[in-house]
>>> print(open('final26.cif').read())   # mmCIF, C-alpha atoms
data_upload
loop_
_atom_site.label_atom_id
_atom_site.label_comp_id
_atom_site.auth_asym_id
_atom_site.auth_seq_id
_atom_site.Cartn_x
_atom_site.Cartn_y
_atom_site.Cartn_z
CA MET G 1 44.18 -24.82 -14.94
CA HIS G 2 41.06 -23.92 -16.90
CA VAL G 3 37.52 -24.98 -16.18
CA CYS G 4 34.84 -25.28 -18.83
CA VAL G 5 31.28 -25.44 -17.58
CA TYR G 6 28.55 -26.34 -20.02
CA TYR G 7 24.99 -25.36 -19.14
CA THR G 8 22.40 -27.70 -20.67
CA GLY G 9 19.37 -25.55 -19.92
CA GLU G 10 18.14 -28.05 -17.32
CA SER G 11 19.45 -28.76 -13.83
CA SER G 12 22.80 -30.24 -14.81
CA PHE G 13 26.19 -28.74 -15.47
CA GLU G 14 29.25 -30.43 -16.93
CA VAL G 15 32.57 -29.38 -15.48
CA LYS G 16 35.90 -30.05 -17.16
CA ILE G 17 39.32 -28.96 -15.93
CA GLU G 18 42.08 -28.28 -18.41
CA ALA G 19 45.58 -26.90 -18.03
CA ASP G 20 45.63 -23.29 -19.15
CA SER G 21 47.14 -20.85 -16.68
CA ASN G 22 46.40 -17.85 -18.88
CA ASP G 23 42.66 -18.22 -18.31
CA ILE G 24 42.84 -17.94 -14.53
CA THR G 25 41.59 -14.60 -13.31
CA GLU G 26 41.61 -13.08 -9.87
CA HIS G 27 38.75 -11.52 -8.00
CA PRO G 28 39.27 -7.81 -7.36
CA HIS G 29 38.58 -8.24 -3.64
CA VAL G 30 40.52 -11.40 -2.80
CA ASP G 31 43.99 -12.32 -3.96
CA LYS G 32 43.13 -15.91 -4.92
CA PRO G 33 42.87 -17.65 -8.29
CA ARG G 34 39.31 -18.43 -9.39
CA PRO G 35 39.60 -21.33 -11.84
CA TYR G 36 35.96 -22.48 -11.77
CA LEU G 37 34.02 -20.69 -14.49
CA CYS G 38 30.27 -20.49 -15.03
CA THR G 39 29.76 -20.15 -18.78
CA VAL G 40 26.21 -18.89 -18.35
CA CYS G 41 27.36 -15.59 -16.84
CA ASP G 42 31.20 -15.87 -16.89
CA LYS G 43 31.47 -15.51 -13.13
CA ARG G 44 34.46 -17.28 -11.55
CA PHE G 45 34.85 -19.08 -8.21
CA THR G 46 37.69 -20.37 -6.04
CA THR G 47 36.13 -23.80 -5.45
CA LYS G 48 33.89 -26.18 -7.31
CA ARG G 49 31.52 -26.15 -4.32
CA ASN G 50 30.94 -22.42 -4.70
CA LEU G 51 30.31 -22.93 -8.42
CA ASN G 52 27.70 -25.57 -7.61
CA TYR G 53 26.00 -23.16 -5.21
CA HIS G 54 26.04 -20.46 -7.88
CA LYS G 55 24.64 -22.58 -10.69
CA GLN G 56 21.38 -22.96 -8.74
CA ILE G 57 20.69 -19.31 -9.60
CA HIS G 58 20.44 -20.32 -13.26
CA THR G 59 18.67 -23.66 -12.77
CA GLY G 60 16.18 -22.36 -10.21
CA GLU G 61 16.67 -25.45 -8.03
CA LYS G 62 15.54 -25.11 -4.41
CA LEU G 63 17.12 -28.04 -2.58
CA TYR G 64 16.70 -26.84 0.99
CA SER G 65 13.25 -27.16 2.56
CA CYS G 66 12.02 -25.76 5.88
CA SER G 67 10.74 -28.56 8.12
CA GLN G 68 8.16 -26.28 9.75
CA CYS G 69 6.46 -24.62 6.77
CA GLU G 70 7.92 -26.54 3.78
CA LYS G 71 9.17 -23.34 2.17
CA ARG G 72 12.12 -24.03 -0.12
CA PHE G 73 15.38 -22.16 -0.69
CA THR G 74 18.15 -22.18 -3.26
CA LEU G 75 20.95 -21.90 -0.68
CA LYS G 76 21.33 -23.39 2.77
CA ALA G 77 22.19 -19.92 4.07
CA GLY G 78 18.74 -18.73 3.00
CA LEU G 79 17.12 -21.63 4.87
CA ASN G 80 19.15 -20.88 8.01
CA LYS G 81 18.04 -17.25 7.99
CA HIS G 82 14.42 -18.30 7.39
CA ILE G 83 14.35 -20.78 10.30
CA VAL G 84 14.93 -17.90 12.68
CA THR G 85 11.52 -16.46 11.74
CA HIS G 86 9.86 -19.47 13.37
CA SER G 87 11.76 -19.12 16.65
CA GLY G 88 10.98 -15.40 16.86
CA ASP G 89 14.53 -14.41 17.81
CA GLN G 90 18.14 -14.74 16.67
CA LEU G 91 20.08 -16.89 19.11
CA TYR G 92 23.65 -16.07 18.15
CA SER G 93 24.67 -12.54 19.09
CA CYS G 94 28.07 -10.88 18.76
CA SER G 95 29.35 -9.76 22.19
CA GLN G 96 31.26 -6.83 20.66
CA CYS G 97 28.73 -5.18 18.36
CA GLY G 98 25.44 -6.93 19.17
CA LYS G 99 24.82 -8.12 15.61
CA CYS G 100 22.73 -11.32 15.49
CA PHE G 101 23.11 -14.41 13.31
CA ALA G 102 21.07 -17.46 12.43
CA ASN G 103 23.70 -20.00 13.51
CA HIS G 104 27.03 -20.35 15.32
CA GLN G 105 29.00 -20.72 12.06
CA TYR G 106 27.91 -17.28 10.83
CA LEU G 107 28.76 -15.76 14.21
CA MET G 108 32.28 -17.24 14.16
CA ARG G 109 32.82 -15.96 10.63
CA HIS G 110 31.67 -12.51 11.75
CA MET G 111 34.05 -12.48 14.75
CA ASN G 112 36.99 -12.48 12.33
CA VAL G 113 36.02 -8.93 11.45
CA HIS G 114 36.69 -7.74 15.00
CA SER G 115 40.04 -9.55 15.24
CA SER G 116 41.20 -8.39 11.79
CA LYS G 117 44.51 -6.53 11.56
CA TYR G 118 43.18 -4.53 8.59
CA LYS G 119 41.43 -1.68 10.36
CA CYS G 120 40.35 1.66 8.92
CA THR G 121 42.00 4.53 10.82
CA GLU G 122 39.12 6.90 10.02
CA CYS G 123 36.05 4.95 11.13
CA GLY G 124 37.47 1.86 12.85
CA GLN G 125 35.83 -0.65 10.49
CA CYS G 126 37.77 -3.90 10.13
CA CYS G 127 38.32 -5.71 6.84
CA GLN G 128 39.38 -9.27 6.17
CA SER G 129 42.14 -8.38 3.70
CA ASN G 130 44.39 -5.51 2.72
CA CYS G 131 42.59 -5.33 -0.64
CA GLY G 132 39.26 -5.00 1.16
CA LEU G 133 40.68 -2.22 3.32
CA THR G 134 41.95 -0.38 0.24
CA ILE G 135 38.49 -0.51 -1.32
CA HIS G 136 36.85 0.58 1.94
CA ARG G 137 39.11 3.64 2.22
CA ARG G 138 37.75 4.86 -1.10
CA SER G 139 34.41 5.47 0.64
CA HIS G 140 36.19 8.17 2.66
CA SER G 141 38.44 9.58 -0.05
CA GLY G 142 35.85 9.49 -2.82
CA GLU G 143 38.39 7.88 -5.14
CA LYS G 144 36.90 6.07 -8.13
CA PRO G 145 39.78 4.70 -10.20
CA PHE G 146 37.74 2.61 -12.65
CA GLN G 147 36.17 4.59 -15.52
CA CYS G 148 33.69 3.53 -18.16
CA THR G 149 35.14 4.13 -21.62
CA VAL G 150 31.68 4.70 -23.12
CA CYS G 151 30.06 7.27 -20.82
CA GLY G 152 32.91 8.25 -18.52
CA LYS G 153 31.16 7.24 -15.29
CA ARG G 154 33.59 6.19 -12.57
CA PHE G 155 33.45 3.38 -9.98
CA THR G 156 35.27 2.32 -6.83
CA THR G 157 35.86 -1.28 -7.96
CA SER G 158 36.38 -3.10 -11.23
CA GLY G 159 33.43 -5.36 -10.35
CA TYR G 160 31.02 -2.41 -10.37
CA LEU G 161 32.49 -1.30 -13.69
CA VAL G 162 31.89 -4.75 -15.22
CA LEU G 163 28.24 -4.68 -14.09
CA HIS G 164 27.80 -1.14 -15.42
CA SER G 165 29.31 -1.99 -18.81
CA ARG G 166 26.38 -4.36 -19.45
CA ILE G 167 24.12 -1.31 -19.72
CA HIS G 168 26.02 -0.30 -22.88
CA SER G 169 26.64 -3.79 -24.28
CA GLY G 170 23.12 -5.05 -23.61
CA GLU G 171 24.61 -8.24 -22.20
CA LYS G 172 22.16 -10.25 -20.10
CA PRO G 173 23.94 -13.39 -18.87
CA TYR G 174 21.44 -14.32 -16.14
CA LYS G 175 18.67 -16.28 -17.86
CA CYS G 176 15.48 -17.70 -16.41
CA HIS G 177 15.29 -21.40 -17.30
CA LEU G 178 11.47 -21.34 -17.18
CA CYS G 179 10.63 -18.48 -19.56
CA ASP G 180 14.01 -17.54 -21.11
CA LYS G 181 13.80 -13.99 -19.80
CA ALA G 182 17.29 -12.58 -19.28
CA PHE G 183 18.83 -10.07 -16.88
CA SER G 184 22.10 -8.17 -16.56
CA TRP G 185 22.50 -8.98 -12.85
CA SER G 186 21.65 -11.90 -10.57
CA GLY G 187 19.48 -9.80 -8.21
CA PRO G 188 16.70 -9.07 -10.73
CA LEU G 189 16.74 -12.74 -11.77
CA ASN G 190 16.19 -13.85 -8.17
CA THR G 191 13.29 -11.40 -7.89
CA HIS G 192 11.88 -12.59 -11.23
CA MET G 193 11.92 -16.24 -10.13
CA ARG G 194 9.22 -15.39 -7.57
CA VAL G 195 6.85 -14.95 -10.51
CA HIS G 196 7.19 -18.69 -11.17
CA THR G 197 7.48 -19.92 -7.57
CA GLY G 198 4.67 -17.73 -6.28
CA ASP G 199 6.72 -16.55 -3.28
CA LYS G 200 5.33 -13.31 -1.82
CA LEU G 201 7.62 -12.16 0.96
CA PHE G 202 6.32 -8.61 1.43
CA LYS G 203 3.04 -8.29 3.32
CA CYS G 204 0.84 -5.22 3.77
CA LEU G 205 0.03 -4.73 7.46
CA LEU G 206 -3.19 -2.90 6.64
CA CYS G 207 -4.97 -5.50 4.48
CA ASN G 208 -2.66 -8.57 4.69
CA LYS G 209 -2.15 -8.65 0.92
CA SER G 210 1.29 -10.03 -0.02
CA PHE G 211 3.67 -9.09 -2.83
CA SER G 212 6.74 -10.63 -4.45
CA ARG G 213 8.62 -7.30 -4.54
CA SER G 214 9.06 -4.53 -1.98
CA ASP G 215 8.41 -1.78 -4.55
CA HIS G 216 5.06 -3.41 -5.39
CA LEU G 217 4.16 -3.30 -1.70
CA GLN G 218 5.12 0.39 -1.50
CA SER G 219 3.05 1.14 -4.60
CA HIS G 220 0.11 -0.75 -3.11
CA ARG G 221 0.27 1.24 0.12
CA TYR G 222 0.44 4.50 -1.75
CA HIS G 223 -2.37 3.75 -4.20
CA ILE G 224 -4.79 1.80 -2.02
CA HIS G 225 -4.28 3.10 1.50
CA SER G 226 -3.38 6.73 0.85
CA ASN G 227 -5.66 9.55 -0.30
CA ARG G 228 -2.86 11.97 -1.23
CA ARG G 229 -2.81 13.23 -4.83
CA PRO G 230 -0.02 15.83 -4.94
CA TYR G 231 0.44 15.95 -8.74
CA ASP G 232 -2.00 18.07 -10.75
CA CYS G 233 -2.30 18.46 -14.51
CA ARG G 234 -1.66 22.04 -15.67
CA TYR G 235 -4.02 21.53 -18.61
CA CYS G 236 -7.15 20.18 -16.92
CA GLY G 237 -6.41 20.18 -13.19
CA LYS G 238 -6.80 16.42 -12.74
CA LEU G 239 -4.95 15.09 -9.67
CA PHE G 240 -2.61 12.09 -9.53
CA LYS G 241 -0.81 10.14 -6.84
CA ARG G 242 2.36 9.56 -8.86
CA SER G 243 4.42 11.84 -11.04
CA ARG G 244 4.68 9.09 -13.67
CA ALA G 245 0.90 8.83 -13.89
CA LEU G 246 0.75 12.60 -14.47
CA LYS G 247 3.49 12.36 -17.12
CA LEU G 248 1.51 9.72 -19.02
CA HIS G 249 -1.69 11.73 -18.70
CA VAL G 250 -0.10 14.91 -20.10
CA ARG G 251 0.56 13.08 -23.39
CA ILE G 252 -3.20 13.15 -24.00
CA HIS G 253 -3.06 16.96 -24.05
CA THR G 254 0.26 17.36 -25.91
CA GLY G 255 -0.36 14.60 -28.46
CA ALA G 256 3.09 13.07 -27.81
CA LYS G 257 3.51 9.59 -29.26
CA PRO G 258 6.95 8.29 -28.18
CA TYR G 259 6.35 4.62 -29.02
CA SER G 260 7.00 3.88 -32.71
CA CYS G 261 6.37 0.61 -34.52
CA ARG G 262 9.50 -0.93 -36.00
CA HIS G 263 7.52 -2.42 -38.88
CA CYS G 264 5.46 0.56 -40.04
CA SER G 265 5.10 4.30 -39.54
CA ASP G 266 2.50 4.13 -36.76
CA SER G 267 3.28 5.73 -33.38
CA PHE G 268 1.47 5.45 -30.07
CA THR G 269 0.94 7.42 -26.89
CA PHE G 270 1.30 4.48 -24.53
CA ARG G 271 3.45 1.35 -24.51
CA ASP G 272 0.45 -0.99 -24.19
CA GLN G 273 -1.02 0.50 -27.37
CA LEU G 274 2.16 -0.40 -29.25
CA ARG G 275 2.14 -3.91 -27.77
CA ILE G 276 -1.45 -4.49 -28.91
CA HIS G 277 -0.63 -3.07 -32.36
CA LEU G 278 2.32 -5.46 -32.76
CA LEU G 279 0.14 -8.40 -31.80
CA LYS G 280 -2.81 -7.54 -34.05
CA SER G 281 -1.08 -6.03 -37.08
CA HIS G 282 2.30 -7.79 -37.19
CA ASN G 283 1.69 -10.98 -35.19
CA GLU G 284 4.64 -10.10 -32.94
CA GLY G 285 4.45 -11.17 -29.30
CA THR G 286 2.23 -13.56 -27.34
CA TRP G 287 -1.45 -13.43 -26.53
CA PHE G 288 -2.44 -14.71 -23.09
CA THR G 289 -5.85 -16.38 -23.43
CA CYS G 290 -8.30 -17.17 -20.65
CA HIS G 291 -9.10 -20.90 -20.79
CA ILE G 292 -12.61 -20.24 -19.47
CA CYS G 293 -13.99 -17.43 -21.64
CA ARG G 294 -11.20 -17.21 -24.28
CA LYS G 295 -10.66 -13.49 -23.63
CA LYS G 296 -7.21 -12.38 -24.75
CA PHE G 297 -4.67 -10.29 -22.83
CA THR G 298 -1.32 -8.77 -23.71
CA ARG G 299 0.16 -9.44 -20.26
CA SER G 300 0.28 -12.64 -18.20
CA GLY G 301 -0.44 -10.62 -15.06
CA SER G 302 -3.62 -9.23 -16.59
CA LEU G 303 -4.76 -12.76 -17.39
CA LYS G 304 -4.08 -13.93 -13.82
CA ARG G 305 -6.13 -11.09 -12.40
CA HIS G 306 -8.92 -11.81 -14.88
CA VAL G 307 -9.09 -15.49 -13.90
CA LEU G 308 -9.79 -14.44 -10.31
CA CYS G 309 -13.19 -13.14 -11.49
CA HIS G 310 -14.13 -16.65 -12.69
CA GLU G 311 -12.88 -18.27 -9.49
CA GLY G 312 -14.78 -15.85 -7.27
CA VAL G 313 -11.60 -14.72 -5.53
CA LYS G 314 -11.67 -11.09 -4.40
CA PRO G 315 -8.26 -10.21 -2.89
CA TYR G 316 -8.65 -6.42 -3.08
CA VAL G 317 -10.26 -4.99 0.08
CA CYS G 318 -11.57 -1.45 0.42
CA SER G 319 -9.90 0.43 3.28
CA GLU G 320 -13.07 2.46 3.88
CA CYS G 321 -15.65 -0.32 3.95
CA PRO G 322 -15.70 -4.16 4.03
CA LYS G 323 -16.27 -4.62 0.28
CA HIS G 324 -13.98 -6.93 -1.73
CA PHE G 325 -13.04 -6.78 -5.42
CA CYS G 326 -11.48 -9.07 -8.02
CA THR G 327 -9.14 -6.47 -9.51
CA ALA G 328 -7.26 -3.38 -8.39
CA ASP G 329 -9.01 -1.33 -11.11
CA ALA G 330 -12.41 -2.22 -9.69
CA LEU G 331 -11.22 -1.24 -6.22
CA ARG G 332 -9.84 2.09 -7.45
CA THR G 333 -13.16 2.86 -9.16
CA HIS G 334 -15.01 2.02 -5.97
CA LEU G 335 -12.72 4.20 -3.83
CA LEU G 336 -13.76 7.23 -5.88
CA LEU G 337 -17.18 6.92 -4.24
CA HIS G 338 -15.55 7.49 -0.87
CA TYR G 339 -13.16 10.24 -1.95
CA ASN G 340 -15.56 12.34 -4.03
#
>>> encode(input="final26.cif", output="structure tokens")
Amino acid sequence: MHVCVYYTGESSFEVKIEADSNDITEHPHVDKPRPYLCTVCDKRFTTKRNLNYHKQIHTGEKLYSCSQCEKRFTLKAGLNKHIVTHSGDQLYSCSQCGKCFANHQYLMRHMNVHSSKYKCTECGQCCQSNCGLTIHRRSHSGEKPFQCTVCGKRFTTSGYLVLHSRIHSGEKPYKCHLCDKAFSWSGPLNTHMRVHTGDKLFKCLLCNKSFSRSDHLQSHRYHIHSNRRPYDCRYCGKLFKRSRALKLHVRIHTGAKPYSCRHCSDSFTFRDQLRIHLLKSHNEGTWFTCHICRKKFTRSGSLKRHVLCHEGVKPYVCSECPKHFCTADALRTHLLLHYN
């Protein structure tokens, strides 16, 4: 049996089942045929229901809404986990290991782990299948039987090898249906979708500012709420908070210009300089224009921050005094008054 799934670019998929036993593949972790194929990313599933769940990653649909805060989720599992945040505790706890779950169904599924006959003799961890136990044992033995033919890097499972191979092939099967941006894995796509939905799950406890990504929150804490500058320039002695910032700064002294234009012989010190050059000289790329003052920006994020100035919104708060600012750059300039 072979399944053809046609993605229309909207919120609908067409599924057709045809007889073709040669096209059925098996998942490396579970010994079951996976006849339902997503043609957007070529991932296979054992049931049509799982395929329908998966396709929401590509369509961006959020069918499940929280009745208490109206937040929406792609999967029901995500909604179930979120509901717990309103109750303040997790009601379903495993009596053997203490792990908590959002509902009784998840707890029962977890209990199968403790009753499993596939148990690791080294650490006692239980697996749901012999194949899963075999893969788990590789964490102890260090065995990595799957090798990349391009760079020689080795992996514990064929699934990891498939994901890694996309680095060399440039394949990006996970596409955003709103802006056509593509990704090699589903995780970065899910993170990217927050740009469109506006979800900001990571909150700074010091100033209550929220972020869509955890690394953005970490960067915010380090730049805004920390005074440490451990990286110094060997040419001029200027101090920096991040090694990358120092690396970029050193190019000013060395004259390095690693960003070359594909259309002409010009080279640039920084990536943004190349982006602006491509826009102005070769009309390549997209300008983001402020609808109020018509000022142009090379990044959509820069435009969003600029619009805050017109709206009077000042989300950036100084940690040393009660002043507020429209942009992070303005805040950083202000903080120099406190630090110097």
>>> residues_around(input="final26.cif", residues="segment 112-124 of chain G", least_positions_apart="4", cutoff="12 Å", atoms="all atoms listed in the file", output="JSON list (two decimals) with C-alpha atoms, in the frame of the given file")
[["chain", "number", "residue", "atom", "x", "y", "z"],
["G", 94, "CYS", "CA", 28.07, -10.88, 18.76],
["G", 95, "SER", "CA", 29.35, -9.76, 22.19],
["G", 96, "GLN", "CA", 31.26, -6.83, 20.66],
["G", 97, "CYS", "CA", 28.73, -5.18, 18.36],
["G", 99, "LYS", "CA", 24.82, -8.12, 15.61],
["G", 105, "GLN", "CA", 29.00, -20.72, 12.06],
["G", 106, "TYR", "CA", 27.91, -17.28, 10.83],
["G", 107, "LEU", "CA", 28.76, -15.76, 14.21],
["G", 108, "MET", "CA", 32.28, -17.24, 14.16],
["G", 128, "GLN", "CA", 39.38, -9.27, 6.17],
["G", 129, "SER", "CA", 42.14, -8.38, 3.70],
["G", 130, "ASN", "CA", 44.39, -5.51, 2.72],
["G", 131, "CYS", "CA", 42.59, -5.33, -0.64],
["G", 132, "GLY", "CA", 39.26, -5.00, 1.16],
["G", 133, "LEU", "CA", 40.68, -2.22, 3.32],
["G", 134, "THR", "CA", 41.95, -0.38, 0.24],
["G", 135, "ILE", "CA", 38.49, -0.51, -1.32],
["G", 136, "HIS", "CA", 36.85, 0.58, 1.94],
["G", 137, "ARG", "CA", 39.11, 3.64, 2.22],
["G", 138, "ARG", "CA", 37.75, 4.86, -1.10],
["G", 139, "SER", "CA", 34.41, 5.47, 0.64],
["G", 140, "HIS", "CA", 36.19, 8.17, 2.66],
["G", 141, "SER", "CA", 38.44, 9.58, -0.05]]
>>> residues_around(input="final26.cif", residues="Phe288 of chain G", least_positions_apart="2", cutoff="8 Å", atoms="all atoms listed in the file", output="PyMOL selection string")
chain G and resi 286+290+296-300+303
>>> atom_distance(input="final26.cif", atom1="atom CA of Phe183 of chain G", atom2="atom CA of Phe202 of chain G")
22.2 Å
>>> resolve_selection(input="final26.cif", expression="the PyMOL selection byres ((chain G and resi 252-257) around 8)", output="JSON, numbers by chain")
{"G": [235, 248, 249, 250, 251, 258, 259, 260, 267, 268, 269, 270]}
>>> write_last_selection(input="final26.cif", atoms="C-alpha atoms", output="mmCIF file, keeping the file's coordinate frame")
data_model
loop_
_atom_site.group_PDB
_atom_site.id
_atom_site.type_symbol
_atom_site.label_atom_id
_atom_site.label_comp_id
_atom_site.auth_asym_id
_atom_site.auth_seq_id
_atom_site.Cartn_x
_atom_site.Cartn_y
_atom_site.Cartn_z
ATOM 1 C CA TYR G 235 -4.020 21.530 -18.610
ATOM 2 C CA LEU G 248 1.510 9.720 -19.020
ATOM 3 C CA HIS G 249 -1.690 11.730 -18.700
ATOM 4 C CA VAL G 250 -0.100 14.910 -20.100
ATOM 5 C CA ARG G 251 0.560 13.080 -23.390
ATOM 6 C CA PRO G 258 6.950 8.290 -28.180
ATOM 7 C CA TYR G 259 6.350 4.620 -29.020
ATOM 8 C CA SER G 260 7.000 3.880 -32.710
ATOM 9 C CA SER G 267 3.280 5.730 -33.380
ATOM 10 C CA PHE G 268 1.470 5.450 -30.070
ATOM 11 C CA THR G 269 0.940 7.420 -26.890
ATOM 12 C CA PHE G 270 1.300 4.480 -24.530
#
>>> atom_distance(input="final26.cif", atom1="atom CA of Arg332 of chain G", atom2="atom CA of Gly301 of chain G")
17.5 Å
>>> atom_distance(input="final26.cif", atom1="atom CA of Cys38 of chain G", atom2="atom CA of Phe146 of chain G")
24.4 Å
>>> resolve_selection(input="final26.cif", expression="the PyMOL selection byres ((chain G and resi 330) around 12)", output="PDB file with C-alpha atoms, keeping the file's coordinate frame")
ATOM      1  CA  ILE G 224      -4.790   1.800  -2.020  1.00  0.00           C
ATOM      2  CA  ARG G 305      -6.130 -11.090 -12.400  1.00  0.00           C
ATOM      3  CA  HIS G 306      -8.920 -11.810 -14.880  1.00  0.00           C
ATOM      4  CA  CYS G 309     -13.190 -13.140 -11.490  1.00  0.00           C
ATOM      5  CA  LYS G 314     -11.670 -11.090  -4.400  1.00  0.00           C
ATOM      6  CA  PRO G 315      -8.260 -10.210  -2.890  1.00  0.00           C
ATOM      7  CA  TYR G 316      -8.650  -6.420  -3.080  1.00  0.00           C
ATOM      8  CA  VAL G 317     -10.260  -4.990   0.080  1.00  0.00           C
ATOM      9  CA  CYS G 318     -11.570  -1.450   0.420  1.00  0.00           C
ATOM     10  CA  LYS G 323     -16.270  -4.620   0.280  1.00  0.00           C
ATOM     11  CA  HIS G 324     -13.980  -6.930  -1.730  1.00  0.00           C
ATOM     12  CA  PHE G 325     -13.040  -6.780  -5.420  1.00  0.00           C
ATOM     13  CA  CYS G 326     -11.480  -9.070  -8.020  1.00  0.00           C
ATOM     14  CA  THR G 327      -9.140  -6.470  -9.510  1.00  0.00           C
ATOM     15  CA  ALA G 328      -7.260  -3.380  -8.390  1.00  0.00           C
ATOM     16  CA  ASP G 329      -9.010  -1.330 -11.110  1.00  0.00           C
ATOM     17  CA  LEU G 331     -11.220  -1.240  -6.220  1.00  0.00           C
ATOM     18  CA  ARG G 332      -9.840   2.090  -7.450  1.00  0.00           C
ATOM     19  CA  THR G 333     -13.160   2.860  -9.160  1.00  0.00           C
ATOM     20  CA  HIS G 334     -15.010   2.020  -5.970  1.00  0.00           C
ATOM     21  CA  LEU G 335     -12.720   4.200  -3.830  1.00  0.00           C
ATOM     22  CA  LEU G 336     -13.760   7.230  -5.880  1.00  0.00           C
ATOM     23  CA  LEU G 337     -17.180   6.920  -4.240  1.00  0.00           C
TER      24      LEU G 337
END
>>> residues_around(input="final26.cif", residues="Glu171 of chain G", least_positions_apart="3", cutoff="12 Å", atoms="all atoms listed in the file", output="MDAnalysis selection string")
chainID G and resid 40:42 162:168 174:175 182:185
>>> resolve_selection(input="final26.cif", expression="the PyMOL selection byres ((chain G and resi 189) around 12)", output="JSON, numbers by chain")
{"G": [56, 57, 58, 59, 60, 172, 173, 174, 175, 176, 177, 178, 179, 180, 181, 182, 183, 184, 185, 186, 187, 188, 190, 191, 192, 193, 194, 195, 196]}
>>> closest_residue(input="final26.cif", among="G:Ser302, G:Thr46, G:Ser169, G:Thr197", to="Phe73 of chain G", atoms="only C-alpha atoms")
G:Thr197
>>> residues_around(input="final26.cif", residues="Lys241 of chain G", least_positions_apart="3", cutoff="7 Å", atoms="only C-alpha atoms", output="number ranges by chain")
G: 228-231
>>> decode(input="final26.cif", residues="segment 175-189 of chain G", atoms="N, CA and C atoms", output="tab-separated table (two decimals), in the first residue's frame")
chain	number	residue	atom	x	y	z
G	175	LYS	N	8.52	23.92	5.58
G	175	LYS	CA	8.30	25.26	5.04
G	175	LYS	C	7.21	25.99	5.80
G	176	CYS	N	7.45	27.26	6.06
G	176	CYS	CA	6.44	28.12	6.69
G	176	CYS	C	5.44	28.54	5.62
G	177	HIS	N	4.16	28.30	5.87
G	177	HIS	CA	3.13	28.61	4.87
G	177	HIS	C	2.80	30.10	4.81
G	178	LEU	N	3.36	30.88	5.77
G	178	LEU	CA	3.06	32.31	5.81
G	178	LEU	C	4.11	33.15	5.11
G	179	CYS	N	5.38	32.73	5.18
G	179	CYS	CA	6.44	33.54	4.55
G	179	CYS	C	7.38	32.71	3.67
G	180	ASP	N	7.09	31.43	3.51
G	180	ASP	CA	7.87	30.54	2.64
G	180	ASP	C	9.29	30.29	3.13
G	181	LYS	N	9.60	30.68	4.35
G	181	LYS	CA	10.90	30.35	4.90
G	181	LYS	C	10.95	28.85	5.17
G	182	ALA	N	12.11	28.23	4.92
G	182	ALA	CA	12.21	26.78	5.03
G	182	ALA	C	13.27	26.38	6.04
G	183	PHE	N	13.10	25.18	6.62
G	183	PHE	CA	13.99	24.68	7.65
G	183	PHE	C	14.28	23.20	7.42
G	184	SER	N	15.43	22.76	7.92
G	184	SER	CA	15.82	21.36	7.77
G	184	SER	C	15.11	20.46	8.76
G	185	TRP	N	14.69	21.01	9.91
G	185	TRP	CA	14.03	20.22	10.95
G	185	TRP	C	12.75	20.90	11.39
G	186	SER	N	11.87	20.12	12.03
G	186	SER	CA	10.57	20.66	12.46
G	186	SER	C	10.71	21.61	13.64
G	187	GLY	N	11.70	21.36	14.53
G	187	GLY	CA	11.87	22.21	15.71
G	187	GLY	C	12.06	23.67	15.39
G	188	PRO	N	13.03	24.02	14.51
G	188	PRO	CA	13.19	25.43	14.14
G	188	PRO	C	11.96	26.04	13.48
G	189	LEU	N	11.19	25.21	12.74
G	189	LEU	CA	9.96	25.73	12.14
G	189	LEU	C	8.95	26.11	13.22
